[in-house]
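Comments concern the structure below.
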Amino acid sequence: MKSPQGCACIPAVTCCLRRVQVRNNKALKWIKGRQGRQLMTIVLFSMVPLALLIVFTYLPFAKMVEFSFFKMKYIGKREYVGWDNYINVFTRKDTKEAFLNSFYYLGGGLIQLALALYFATILSFKIRFRNFFKATLFFPYLICGIAMGFIFRFFYTRGMVLDSVLALFGANADKLPYWLKDTKINNFSIAATSVWRYMGQSMVLFIGAIQSVNAELYEASAIDGATKWTQFKYIILPSIKPIVAMNVLLSVKGSFSAFEGPYVITNGTNGTATLVLLMHRLAHEGGKVGLASAMAIVLLGIIIIATIIQKIVLALFFTERDA
Amino acid sequence: MKNVMGKVGRMGIGAVKYFTLILGAFVSLIPLVTVFITSFKSVKEYNTTGALALPENWLNFENYIVAWNKAKMPLAFLNTAIILIFTLIGSIITGTMIAYVLSRFKFKCNVLIKEAFLLANLIPGVTMQVSTYKIMTALNLVNSIPGIIILYTGTDIIAIYIFMQFFDSIPYSLDESAIMDGASYITVFFKILFPLLRPAIVTVMILKGVSVYKEYYMANLYLQTKTKLVTISTSLYTFTGEYGNQYNYICAGVIITIIPVLIVFLFLQKHIYSGMTKGAVKE
């Protein structure tokens with residue numbers, strides 16, 4: 001089946017092949033060399049993780065920015081609306097309410113950190129039943145959010161756990177408020193469940209930081225007659241500043257992305273919807289993907305600003321100490 | 001006189017310490033204990049007794065049987081176990097690989113890539129799901145267990161930092177001498193460094209394990225066929241509809257999801273605490 005033209009081609013082909021071979025040899029040498037091997041390893045090892053990072057973090061982010069300028073659903077045509085979604089985020093009643101509700105969680109976060117610091121300080125030193133107390137205060141952190149939601153829906157139900165406990169201590173059961181219906185207090189009730197859930201996490205982080213402080217410092221200061229309070233103020237607090245800053249940032253992040261508590265406990269009724277809960281509703285149930293994207297962008301903006309503030313404050317603290 | 005005052009003062013402080021600790025433990029435990037009590041009550045008992053009253057029969061497992069079957073708990077445990085195992089494997093492999101590259105090689109984009117991961121770590125995963133949903137749909141990863149495993153693996157950034165810290169603590173001379181002996185980088189990674197990473201792997205398994213076991217939002221969003229692709233947290237959520245306010249069943253369901261965590265916690269307490277502390281440094 002050989003054609004004459006094919007035969008004529010053979011010398012040219014072999015020549016070509018030889019050239020490729022030479023180039024291949026050079027490439028092979030380079031690949032076998034240290035630099036080449038390094039590059040191969042770098043590419044081989046970072047390909048998958050980088051692809052994942054781009055596909056599941058940076059691409060969604062870019063898409064979200066894009067979506068936020070459209071009136072759109074997941075399926076079907078979309079319409080460019082400019083900044084309308086952003087204007088809506090700051091003017092709609094439900095979004096404004098959700099933003100304001102974040103402050104209940106921020107307040108809860110402050111209380112959580114204060115409690116965590118207090119318990120961490122106590123539990124870092126000799127005390128009876130230390131492990132038991134540490135474990136009990138920490139364990140709620142390990143419970144899944146949905147279970148926690150049910151636990152507290154039951155806890156706050158009229159006539160159930162909280163009312164019974166308060167009645168035990170002499171409260172008049174009939175005069176107690178409706179913890180989840182009364183719009184004056186229901187956000188406090190739900191934000192408190194966040195404190196219950198996350199206090200242990202902050203506490204364990206604080207204990208870790210306090211225990212990494214040089215123990216000799218306590219002994220030396222005790223010999224010099226320092227009280228526990230001065231020890232806390234001048235030894236513990238300065239050395240755990242970075243962890244305090246990190247915990248603050250974690251709780252800011254958590255406050256703005258609270259979801260499971262209100263989702264299970266009240267399903268966002270009676271004015272208890274949080275940002276993520278509302279975003280979820282708007283995007284996946286209400287078909288307002290553009291508006292939900294704009295909310296998410298604003299939310300991320302807040303978190304990034306909080307992070308920058310944290311970095312600045314931390315830097316200031318440190319330079320102050322160095323000076 | 002001064003001595004006596006000091007003694008009284010110290011005792012006072014001690015009393016305050018223990019009082020607050022006991023109060024804290026009480027607040028921590030009372031919601032859990034009441035749920036535990038209620039899980040053993042019959043329907044009639046639940047409707048007639050107070051929340052703090054003890055159950056008549058501590059061996060009344062009827063609620064557990066109903067919850068276990070109605071919420072498809074066996075399937076939920078199986079699915080969660082599969083997701084957990086493969087997510088851990090995926091996270092450990094991808095995490096150690098990128099950490100190895102970023103901590104061992106100096107190249108142009110090294111710092112840039114590190115910063116890219118650090119920045120990604122700031123973003124709470126739930127806020128990104130509005131658009132991730134569209135990407136998951138386009139990749140045909142919605143409603144599939146491999147899909148959620150890939151997503152969980154791909155959004156795990158803290159593991160990379162834990163591994164990087166650990167690589168930094170392993171002397172570079174170890175790699176160097178092996179390479180001098182003619183080992184390839186891949187051999188160095190798998191044969192020499194990987195086995196040394198064991199403590200870091202334990203830390204990552206704990207942190208990632210806890211977070212995957214607890215995760216609800218993505219499991220709910222991406223595993224839509226709840227009859228088949230149910231996980232622990234999504235199965236528990238089905239109680240909102242079916243049982244409404246029949247808390248004796250709900251409480252049994254809650255306790256079922258807590259038991260595995262409690263067992264793991266009791267055995268691995270120290271590892272969990274130290275894992276959390278290590279994982280926090282870079283957050």
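Ordering of the structure tokens sets the chain letters (A, B, ...), residue numbers begin anew at 1 in every chain, and ligands are numbered from 1 in the order given.
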Enumerate as a PDB file with N, CA and C atoms, in the first residue's frame the residues belonging to chain A that approach chain B to within 6 Å, with only C-alpha atoms taken into account.
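New file selection05.pdb:
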ATOM      1  N   ILE A  42       7.480  20.889  41.565  1.00  0.00           N
ATOM      2  CA  ILE A  42       6.615  22.013  41.916  1.00  0.00           C
ATOM      3  C   ILE A  42       5.305  21.944  41.135  1.00  0.00           C
ATOM      4  N   PHE A  45       3.149  18.783  42.121  1.00  0.00           N
ATOM      5  CA  PHE A  45       2.588  18.809  43.472  1.00  0.00           C
ATOM      6  C   PHE A  45       1.598  19.950  43.697  1.00  0.00           C
ATOM      7  N   SER A  46       1.749  21.038  42.951  1.00  0.00           N
ATOM      8  CA  SER A  46       0.843  22.152  43.261  1.00  0.00           C
ATOM      9  C   SER A  46      -0.328  22.251  42.288  1.00  0.00           C
ATOM     10  N   PRO A  49      -3.895  21.122  44.172  1.00  0.00           N
ATOM     11  CA  PRO A  49      -4.324  22.076  45.205  1.00  0.00           C
ATOM     12  C   PRO A  49      -4.624  23.465  44.641  1.00  0.00           C
ATOM     13  N   LEU A  52      -7.934  23.466  42.816  1.00  0.00           N
ATOM     14  CA  LEU A  52      -9.039  23.473  43.780  1.00  0.00           C
ATOM     15  C   LEU A  52      -9.243  24.860  44.367  1.00  0.00           C
ATOM     16  N   PRO A  60     -15.531  31.351  42.370  1.00  0.00           N
ATOM     17  CA  PRO A  60     -16.812  31.761  42.955  1.00  0.00           C
ATOM     18  C   PRO A  60     -16.815  33.235  43.352  1.00  0.00           C
ATOM     19  N   MET A  64     -19.320  35.890  41.931  1.00  0.00           N
ATOM     20  CA  MET A  64     -20.227  36.579  42.839  1.00  0.00           C
ATOM     21  C   MET A  64     -20.222  38.072  42.570  1.00  0.00           C
ATOM     22  N   THR A 136     -16.174  19.928  80.314  1.00  0.00           N
ATOM     23  CA  THR A 136     -17.589  20.300  80.294  1.00  0.00           C
ATOM     24  C   THR A 136     -17.805  21.625  79.575  1.00  0.00           C
ATOM     25  N   LEU A 137     -16.908  22.576  79.827  1.00  0.00           N
ATOM     26  CA  LEU A 137     -17.086  23.883  79.202  1.00  0.00           C
ATOM     27  C   LEU A 137     -16.784  23.828  77.708  1.00  0.00           C
ATOM     28  N   CYS A 144     -22.913  19.246  66.626  1.00  0.00           N
ATOM     29  CA  CYS A 144     -23.215  19.847  65.332  1.00  0.00           C
ATOM     30  C   CYS A 144     -24.310  20.913  65.475  1.00  0.00           C
ATOM     31  N   ALA A 147     -28.021  19.898  65.774  1.00  0.00           N
ATOM     32  CA  ALA A 147     -28.347  19.331  67.089  1.00  0.00           C
ATOM     33  C   ALA A 147     -28.461  20.450  68.111  1.00  0.00           C
ATOM     34  N   MET A 160     -40.827  24.682  79.092  1.00  0.00           N
ATOM     35  CA  MET A 160     -39.831  23.611  79.045  1.00  0.00           C
ATOM     36  C   MET A 160     -38.616  23.941  79.903  1.00  0.00           C
ATOM     37  N   VAL A 161     -37.422  23.661  79.412  1.00  0.00           N
ATOM     38  CA  VAL A 161     -36.248  23.651  80.274  1.00  0.00           C
ATOM     39  C   VAL A 161     -35.984  24.973  81.003  1.00  0.00           C
ATOM     40  N   LEU A 205      -8.301  27.754  73.226  1.00  0.00           N
ATOM     41  CA  LEU A 205      -7.242  28.505  72.545  1.00  0.00           C
ATOM     42  C   LEU A 205      -6.483  29.393  73.528  1.00  0.00           C
ATOM     43  N   GLY A 208      -4.194  27.261  75.752  1.00  0.00           N
ATOM     44  CA  GLY A 208      -2.978  26.919  75.018  1.00  0.00           C
ATOM     45  C   GLY A 208      -1.974  28.054  75.037  1.00  0.00           C
ATOM     46  N   ALA A 296     -23.443  39.073  49.947  1.00  0.00           N
ATOM     47  CA  ALA A 296     -22.228  38.332  50.276  1.00  0.00           C
ATOM     48  C   ALA A 296     -20.993  39.200  50.096  1.00  0.00           C
TER      49      ALA A 296
END
**DSSP-assigned alpha helix (DSSP H) among range 19-169 of chain A, expressed as a PyMOL selection string** = chain A and resi 19-32+34-53+59-67+84-91+93-123+130-138+145-156+161-168
**Distance in Å - CA of Thr225 in chain B versus CA of Val142 in chain B** = 10.0 Å
**Asked** What is the CA of Leu207 in chain B to CA of Ile162 in chain B distance in Å?
**Response** 10.5 Å
**Request:** Write out as a PyMOL selection string each polymer residue whose atoms come within 9 Å of Ala219 in chain B, counting only C-alpha atoms; drop sequence neighbours fewer than 5 positions from it.
**Result:** chain B and resi 148+224+229-231+233-234
**Request:** Record the distance separating CA of Gln201 in chain A and CA of Tyr161 in chain B, expressed in Å with one decimal.
**Result:**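 Interatomic distance here is 19.2 Å.
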**Item:** Given only C-alpha atoms as the counted atoms, nearest of B:Leu197, B:Ala159, B:Leu223, B:Met73 to Leu141 in chain B
**Value:** B:Leu223
